[in-house]
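Here the structure comes first, spelled out in structure tokens, and everything after it is commentary.
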Amino acid sequence: MFKALLLACLFLTCSCVGPARYGDYLAEYQPEDGVVAAPVSAIDVRYADDYRSEPEVKRIKNSFVPAILYWSWNNTLECSLDPAKQLAYVREGVMQAADSLGLDRKLAGQQLSITLSQVPGQFYYVNRMYVVIAIVAYSTMGEESITPVPTDLVASYAVTDGSDRRSAWGSSTVFSREEPMRNLWKSTRGFTGKFLDSQRAELQRMGRELVNDIDRELYPVSRK
């Protein structure tokens, strides 16, 4: 019985990831696909305001219940991605779409400035564990998951000439398709990397959709 309790305690303790370590996972992440779309010189993508310079992680729940026949653990972290990486992933999608649409040619020497006022990147990391203790053994049940905070991409844009005079402007919203993810087979670091891969793909998709929306507004005739 004592051995079962000791093993259960060690299992619960080792499964906990604190804010500092999880922040390292976010900061160290590098996408498996390192291919980056070539920039289009006539297009600039930026944030509306200054953002923090690194990912943020803070613990919002940390509970441990050691009952006689039942133990439970809940470790919940509130996380925000690195803003520089968020911007880079949206920009990748923007440049991919701009290249396929020939947007540089359509602008004919003008500059397209895209300003992002809202970008997805917040999520909750949750690690729950339950231990049911019997007289001669114990059983464990657990769930490790990441749940994004549904956030749409919101942007404004302006087309300017060499004197910064605006010839066209507008705004666009790309709706989020983010979905929760459960860890079924990977380490916490590997699971987080898999989620960040999906976040990068989603931000790239949003960047492409954003440019498609802008192209439809600016050049409706060329799409007929």
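Chain labels follow the order of the structure tokens: the first chain is A, the next B, and so on; residue numbering restarts at 1 in every chain, and ligands are counted from 1 in their shown order.
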Using DSSP assignments from the backbone, pull out every residue in segment 24-182 of chain A that falls under strand (DSSP E) and give it to me as number ranges by chain. A: 43-47, 56-66, 70-80, 111-118, 122-133, 138-148, 153-160, 166-174, 181-182
Contacts of Gly93 of chain A at 8 Å or less, counting only C-alpha atoms, minus same-chain residues fewer than 6 places along, as a PyMOL selection string? chain A and resi 37+203-208
Dump of all heavy atoms for the selected residues, as a PDB file, in the first residue's frame:
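Just written: selection24.pdb:
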ATOM      1  N   ALA A  37       7.984  32.026 -47.193  1.00  0.00           N
ATOM      2  CA  ALA A  37       7.668  32.658 -48.476  1.00  0.00           C
ATOM      3  C   ALA A  37       8.520  33.906 -48.674  1.00  0.00           C
ATOM      4  O   ALA A  37       8.810  34.638 -47.724  1.00  0.00           O
ATOM      5  CB  ALA A  37       6.187  33.019 -48.526  1.00  0.00           C
ATOM      6  N   LEU A 203      -2.415  30.538 -38.465  1.00  0.00           N
ATOM      7  CA  LEU A 203      -2.067  31.940 -38.698  1.00  0.00           C
ATOM      8  C   LEU A 203      -1.680  32.177 -40.160  1.00  0.00           C
ATOM      9  O   LEU A 203      -2.000  33.222 -40.739  1.00  0.00           O
ATOM     10  CB  LEU A 203      -0.938  32.361 -37.764  1.00  0.00           C
ATOM     11  CG  LEU A 203      -1.339  32.497 -36.289  1.00  0.00           C
ATOM     12  CD1 LEU A 203      -0.107  32.643 -35.403  1.00  0.00           C
ATOM     13  CD2 LEU A 203      -2.279  33.674 -36.082  1.00  0.00           C
ATOM     14  N   GLN A 204      -1.018  31.206 -40.769  1.00  0.00           N
ATOM     15  CA  GLN A 204      -0.711  31.317 -42.197  1.00  0.00           C
ATOM     16  C   GLN A 204      -1.999  31.336 -43.018  1.00  0.00           C
ATOM     17  O   GLN A 204      -2.134  32.129 -43.958  1.00  0.00           O
ATOM     18  CB  GLN A 204       0.170  30.148 -42.640  1.00  0.00           C
ATOM     19  CG  GLN A 204       1.605  30.215 -42.143  1.00  0.00           C
ATOM     20  CD  GLN A 204       2.385  28.975 -42.522  1.00  0.00           C
ATOM     21  OE1 GLN A 204       1.843  27.876 -42.611  1.00  0.00           O
ATOM     22  NE2 GLN A 204       3.678  29.127 -42.744  1.00  0.00           N
ATOM     23  N   ARG A 205      -2.931  30.448 -42.672  1.00  0.00           N
ATOM     24  CA  ARG A 205      -4.217  30.426 -43.385  1.00  0.00           C
ATOM     25  C   ARG A 205      -4.917  31.773 -43.260  1.00  0.00           C
ATOM     26  O   ARG A 205      -5.453  32.303 -44.246  1.00  0.00           O
ATOM     27  CB  ARG A 205      -5.120  29.327 -42.810  1.00  0.00           C
ATOM     28  CG  ARG A 205      -6.494  29.257 -43.492  1.00  0.00           C
ATOM     29  CD  ARG A 205      -7.485  28.448 -42.682  1.00  0.00           C
ATOM     30  NE  ARG A 205      -7.860  29.109 -41.443  1.00  0.00           N
ATOM     31  CZ  ARG A 205      -8.786  30.065 -41.359  1.00  0.00           C
ATOM     32  NH1 ARG A 205      -9.413  30.497 -42.445  1.00  0.00           N
ATOM     33  NH2 ARG A 205      -9.079  30.610 -40.187  1.00  0.00           N
ATOM     34  N   MET A 206      -4.913  32.329 -42.062  1.00  0.00           N
ATOM     35  CA  MET A 206      -5.560  33.624 -41.847  1.00  0.00           C
ATOM     36  C   MET A 206      -4.899  34.713 -42.687  1.00  0.00           C
ATOM     37  O   MET A 206      -5.574  35.584 -43.249  1.00  0.00           O
ATOM     38  CB  MET A 206      -5.508  33.989 -40.363  1.00  0.00           C
ATOM     39  CG  MET A 206      -6.460  33.177 -39.507  1.00  0.00           C
ATOM     40  SD  MET A 206      -6.342  33.651 -37.761  1.00  0.00           S
ATOM     41  CE  MET A 206      -8.023  33.312 -37.224  1.00  0.00           C
ATOM     42  N   GLY A 207      -3.565  34.670 -42.772  1.00  0.00           N
ATOM     43  CA  GLY A 207      -2.862  35.646 -43.600  1.00  0.00           C
ATOM     44  C   GLY A 207      -3.258  35.537 -45.066  1.00  0.00           C
ATOM     45  O   GLY A 207      -3.451  36.552 -45.747  1.00  0.00           O
ATOM     46  N   ARG A 208      -3.392  34.299 -45.551  1.00  0.00           N
ATOM     47  CA  ARG A 208      -3.808  34.105 -46.947  1.00  0.00           C
ATOM     48  C   ARG A 208      -5.232  34.603 -47.174  1.00  0.00           C
ATOM     49  O   ARG A 208      -5.516  35.274 -48.176  1.00  0.00           O
ATOM     50  CB  ARG A 208      -3.697  32.618 -47.316  1.00  0.00           C
ATOM     51  CG  ARG A 208      -2.266  32.101 -47.411  1.00  0.00           C
ATOM     52  CD  ARG A 208      -2.211  30.730 -48.050  1.00  0.00           C
ATOM     53  NE  ARG A 208      -2.881  29.718 -47.242  1.00  0.00           N
ATOM     54  CZ  ARG A 208      -2.278  28.982 -46.310  1.00  0.00           C
ATOM     55  NH1 ARG A 208      -0.987  29.153 -46.062  1.00  0.00           N
ATOM     56  NH2 ARG A 208      -2.951  28.066 -45.628  1.00  0.00           N
TER      57      ARG A 208
END
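Neighbours of Phe195 of chain A closer than or equal to 10 Å, with only C-alpha atoms counted and sequence neighbours fewer than 2 positions away skipped, come out as Ser145, Ile146, Thr147, Pro148, Glu179, Pro180, Met181, Arg182, Asn183, Arg189, Gly190, Phe191, Thr192, Gly193, Asp197, Ser198, Gln199, Arg200 and Ala201 of chain A.
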Mind dumping the selected residues with N, CA, C and O atoms as a PDB file, in the first residue's frame?
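As a result, selection_33.pdb now contains:
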ATOM      1  N   SER A 145      -4.181  18.596 -22.156  1.00  0.00           N
ATOM      2  CA  SER A 145      -4.839  19.218 -23.303  1.00  0.00           C
ATOM      3  C   SER A 145      -4.435  20.681 -23.430  1.00  0.00           C
ATOM      4  O   SER A 145      -3.947  21.300 -22.480  1.00  0.00           O
ATOM      5  N   ILE A 146      -4.644  21.212 -24.627  1.00  0.00           N
ATOM      6  CA  ILE A 146      -4.431  22.633 -24.902  1.00  0.00           C
ATOM      7  C   ILE A 146      -5.690  23.163 -25.574  1.00  0.00           C
ATOM      8  O   ILE A 146      -6.157  22.598 -26.568  1.00  0.00           O
ATOM      9  N   THR A 147      -6.237  24.227 -25.016  1.00  0.00           N
ATOM     10  CA  THR A 147      -7.467  24.814 -25.543  1.00  0.00           C
ATOM     11  C   THR A 147      -7.215  26.261 -25.949  1.00  0.00           C
ATOM     12  O   THR A 147      -6.937  27.108 -25.090  1.00  0.00           O
ATOM     13  N   PRO A 148      -7.274  26.573 -27.238  1.00  0.00           N
ATOM     14  CA  PRO A 148      -7.072  27.959 -27.672  1.00  0.00           C
ATOM     15  C   PRO A 148      -8.228  28.856 -27.231  1.00  0.00           C
ATOM     16  O   PRO A 148      -9.357  28.394 -27.072  1.00  0.00           O
ATOM     17  N   GLU A 179      -8.983  24.835 -32.756  1.00  0.00           N
ATOM     18  CA  GLU A 179      -9.666  23.753 -32.054  1.00  0.00           C
ATOM     19  C   GLU A 179      -8.794  23.229 -30.915  1.00  0.00           C
ATOM     20  O   GLU A 179      -7.563  23.263 -31.001  1.00  0.00           O
ATOM     21  N   PRO A 180      -9.429  22.719 -29.853  1.00  0.00           N
ATOM     22  CA  PRO A 180      -8.659  22.125 -28.747  1.00  0.00           C
ATOM     23  C   PRO A 180      -7.897  20.887 -29.221  1.00  0.00           C
ATOM     24  O   PRO A 180      -8.258  20.251 -30.207  1.00  0.00           O
ATOM     25  N   MET A 181      -6.859  20.542 -28.487  1.00  0.00           N
ATOM     26  CA  MET A 181      -6.041  19.384 -28.835  1.00  0.00           C
ATOM     27  C   MET A 181      -5.714  18.608 -27.561  1.00  0.00           C
ATOM     28  O   MET A 181      -5.396  19.197 -26.530  1.00  0.00           O
ATOM     29  N   ARG A 182      -5.817  17.287 -27.638  1.00  0.00           N
ATOM     30  CA  ARG A 182      -5.473  16.428 -26.505  1.00  0.00           C
ATOM     31  C   ARG A 182      -4.193  15.668 -26.806  1.00  0.00           C
ATOM     32  O   ARG A 182      -3.944  15.274 -27.943  1.00  0.00           O
ATOM     33  N   ASN A 183      -3.402  15.458 -25.769  1.00  0.00           N
ATOM     34  CA  ASN A 183      -2.161  14.703 -25.915  1.00  0.00           C
ATOM     35  C   ASN A 183      -2.448  13.221 -25.713  1.00  0.00           C
ATOM     36  O   ASN A 183      -2.857  12.798 -24.636  1.00  0.00           O
ATOM     37  N   ARG A 189       6.622  18.445 -24.081  1.00  0.00           N
ATOM     38  CA  ARG A 189       7.333  19.287 -25.043  1.00  0.00           C
ATOM     39  C   ARG A 189       6.904  18.953 -26.480  1.00  0.00           C
ATOM     40  O   ARG A 189       6.622  19.848 -27.282  1.00  0.00           O
ATOM     41  N   GLY A 190       6.845  17.649 -26.795  1.00  0.00           N
ATOM     42  CA  GLY A 190       6.447  17.242 -28.138  1.00  0.00           C
ATOM     43  C   GLY A 190       5.002  17.603 -28.440  1.00  0.00           C
ATOM     44  O   GLY A 190       4.669  18.031 -29.554  1.00  0.00           O
ATOM     45  N   PHE A 191       4.137  17.440 -27.448  1.00  0.00           N
ATOM     46  CA  PHE A 191       2.722  17.789 -27.606  1.00  0.00           C
ATOM     47  C   PHE A 191       2.565  19.284 -27.849  1.00  0.00           C
ATOM     48  O   PHE A 191       1.813  19.718 -28.730  1.00  0.00           O
ATOM     49  N   THR A 192       3.289  20.080 -27.080  1.00  0.00           N
ATOM     50  CA  THR A 192       3.228  21.534 -27.261  1.00  0.00           C
ATOM     51  C   THR A 192       3.736  21.929 -28.644  1.00  0.00           C
ATOM     52  O   THR A 192       3.162  22.804 -29.304  1.00  0.00           O
ATOM     53  N   GLY A 193       4.805  21.271 -29.101  1.00  0.00           N
ATOM     54  CA  GLY A 193       5.317  21.546 -30.442  1.00  0.00           C
ATOM     55  C   GLY A 193       4.294  21.225 -31.515  1.00  0.00           C
ATOM     56  O   GLY A 193       4.152  21.961 -32.499  1.00  0.00           O
ATOM     57  N   ASP A 197       2.683  23.846 -34.137  1.00  0.00           N
ATOM     58  CA  ASP A 197       2.642  23.614 -35.586  1.00  0.00           C
ATOM     59  C   ASP A 197       1.258  23.961 -36.138  1.00  0.00           C
ATOM     60  O   ASP A 197       1.132  24.593 -37.194  1.00  0.00           O
ATOM     61  N   SER A 198       0.218  23.525 -35.412  1.00  0.00           N
ATOM     62  CA  SER A 198      -1.149  23.805 -35.865  1.00  0.00           C
ATOM     63  C   SER A 198      -1.461  25.297 -35.776  1.00  0.00           C
ATOM     64  O   SER A 198      -2.179  25.842 -36.622  1.00  0.00           O
ATOM     65  N   GLN A 199      -0.914  25.980 -34.758  1.00  0.00           N
ATOM     66  CA  GLN A 199      -1.119  27.420 -34.636  1.00  0.00           C
ATOM     67  C   GLN A 199      -0.455  28.165 -35.789  1.00  0.00           C
ATOM     68  O   GLN A 199      -1.018  29.109 -36.342  1.00  0.00           O
ATOM     69  N   ARG A 200       0.736  27.734 -36.144  1.00  0.00           N
ATOM     70  CA  ARG A 200       1.426  28.369 -37.272  1.00  0.00           C
ATOM     71  C   ARG A 200       0.614  28.195 -38.556  1.00  0.00           C
ATOM     72  O   ARG A 200       0.426  29.146 -39.326  1.00  0.00           O
ATOM     73  N   ALA A 201       0.119  26.972 -38.782  1.00  0.00           N
ATOM     74  CA  ALA A 201      -0.679  26.713 -39.984  1.00  0.00           C
ATOM     75  C   ALA A 201      -1.949  27.566 -39.998  1.00  0.00           C
ATOM     76  O   ALA A 201      -2.364  28.071 -41.047  1.00  0.00           O
TER      77      ALA A 201
END
Could you list, as a ChimeraX atom specification, every residue within 12 Å of Pro150 of chain A, counting only C-alpha atoms and ignoring same-chain residues fewer than 2 positions away? /A:118-124,147-148,152-153,174-180,199,202
Distance in Å - atom CA of Pro220 of chain A versus atom CA of Val94 of chain A: 18.5 Å
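Between atom CA of Glu54 of chain A and atom CA of Ser80 of chain A there is a distance of 8.8 Å.
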DSSP on the backbone: what in segment 89-130 of chain A comes out alpha helix (DSSP H), as JSON, numbers by chain? {"A": [89, 90, 91, 92, 93, 94, 95, 96, 97, 98, 99, 100, 101, 103, 104, 105, 106, 107]}
Using only N, CA and C atoms, please write the residues we just selected to a file, as a JSON list (two decimals), in the first residue's frame.
[["chain", "number", "residue", "atom", "x", "y", "z"],
["A", 89, "TYR", "N", 4.21, 34.44, -38.75],
["A", 89, "TYR", "CA", 3.38, 33.41, -39.37],
["A", 89, "TYR", "C", 2.26, 34.02, -40.21],
["A", 90, "VAL", "N", 1.65, 35.10, -39.71],
["A", 90, "VAL", "CA", 0.64, 35.79, -40.52],
["A", 90, "VAL", "C", 1.28, 36.35, -41.78],
["A", 91, "ARG", "N", 2.47, 36.93, -41.62],
["A", 91, "ARG", "CA", 3.17, 37.51, -42.77],
["A", 91, "ARG", "C", 3.49, 36.43, -43.81],
["A", 92, "GLU", "N", 3.85, 35.23, -43.36],
["A", 92, "GLU", "CA", 4.13, 34.14, -44.30],
["A", 92, "GLU", "C", 2.90, 33.87, -45.17],
["A", 93, "GLY", "N", 1.73, 33.79, -44.54],
["A", 93, "GLY", "CA", 0.50, 33.57, -45.30],
["A", 93, "GLY", "C", 0.19, 34.72, -46.24],
["A", 94, "VAL", "N", 0.42, 35.94, -45.76],
["A", 94, "VAL", "CA", 0.18, 37.13, -46.59],
["A", 94, "VAL", "C", 1.05, 37.08, -47.84],
["A", 95, "MET", "N", 2.32, 36.77, -47.67],
["A", 95, "MET", "CA", 3.24, 36.75, -48.81],
["A", 95, "MET", "C", 2.93, 35.60, -49.77],
["A", 96, "GLN", "N", 2.51, 34.46, -49.24],
["A", 96, "GLN", "CA", 2.12, 33.34, -50.10],
["A", 96, "GLN", "C", 0.97, 33.74, -51.01],
["A", 97, "ALA", "N", -0.07, 34.34, -50.42],
["A", 97, "ALA", "CA", -1.24, 34.74, -51.21],
["A", 97, "ALA", "C", -0.90, 35.87, -52.17],
["A", 98, "ALA", "N", -0.11, 36.84, -51.70],
["A", 98, "ALA", "CA", 0.26, 37.97, -52.56],
["A", 98, "ALA", "C", 1.02, 37.49, -53.79],
["A", 99, "ASP", "N", 1.88, 36.51, -53.60],
["A", 99, "ASP", "CA", 2.65, 35.98, -54.73],
["A", 99, "ASP", "C", 1.74, 35.26, -55.72],
["A", 100, "SER", "N", 0.82, 34.43, -55.21],
["A", 100, "SER", "CA", -0.05, 33.67, -56.12],
["A", 100, "SER", "C", -1.05, 34.58, -56.85],
["A", 101, "LEU", "N", -1.40, 35.71, -56.25],
["A", 101, "LEU", "CA", -2.36, 36.64, -56.86],
["A", 101, "LEU", "C", -1.68, 37.70, -57.74],
["A", 103, "LEU", "N", -0.03, 40.28, -56.63],
["A", 103, "LEU", "CA", -0.44, 41.55, -56.02],
["A", 103, "LEU", "C", 0.60, 42.65, -56.24],
["A", 104, "ASP", "N", 1.86, 42.28, -56.28],
["A", 104, "ASP", "CA", 2.91, 43.27, -56.50],
["A", 104, "ASP", "C", 2.70, 43.96, -57.85],
["A", 105, "ARG", "N", 2.36, 43.17, -58.87],
["A", 105, "ARG", "CA", 2.12, 43.73, -60.21],
["A", 105, "ARG", "C", 0.87, 44.61, -60.20],
["A", 106, "LYS", "N", -0.17, 44.17, -59.51],
["A", 106, "LYS", "CA", -1.42, 44.94, -59.48],
["A", 106, "LYS", "C", -1.24, 46.28, -58.77],
["A", 107, "LEU", "N", -0.40, 46.31, -57.76],
["A", 107, "LEU", "CA", -0.19, 47.56, -57.03],
["A", 107, "LEU", "C", 0.53, 48.60, -57.88]]
Can you tell me, as a PyMOL selection string, what residues are no more than 10 Å from Glu143 of chain A when counting only C-alpha atoms, ignoring any on the same chain fewer than 5 positions away? chain A and resi 74+126-130+182-184
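Between atom CA of Ser172 of chain A and atom CA of Gln110 of chain A there is a distance of 19.8 Å.
With only C-alpha atoms as the atoms that count, the minimum distance from Tyr29 of chain A to the choices A:Glu56, A:Glu144, A:Leu77, A:Lys85 is reached by A:Lys85.
Closest approach to Ile114 of chain A among A:Val57, A:Ala158, A:Cys79, A:Ala42 is made by A:Ala158 (distances from only C-alpha atoms).
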Identify which of the residues A:Ile60, A:Val40, A:Ala48, A:Val149 lies closest to Gly18 of chain A, counting only C-alpha atoms when measuring atom-to-atom distances. A:Ile60
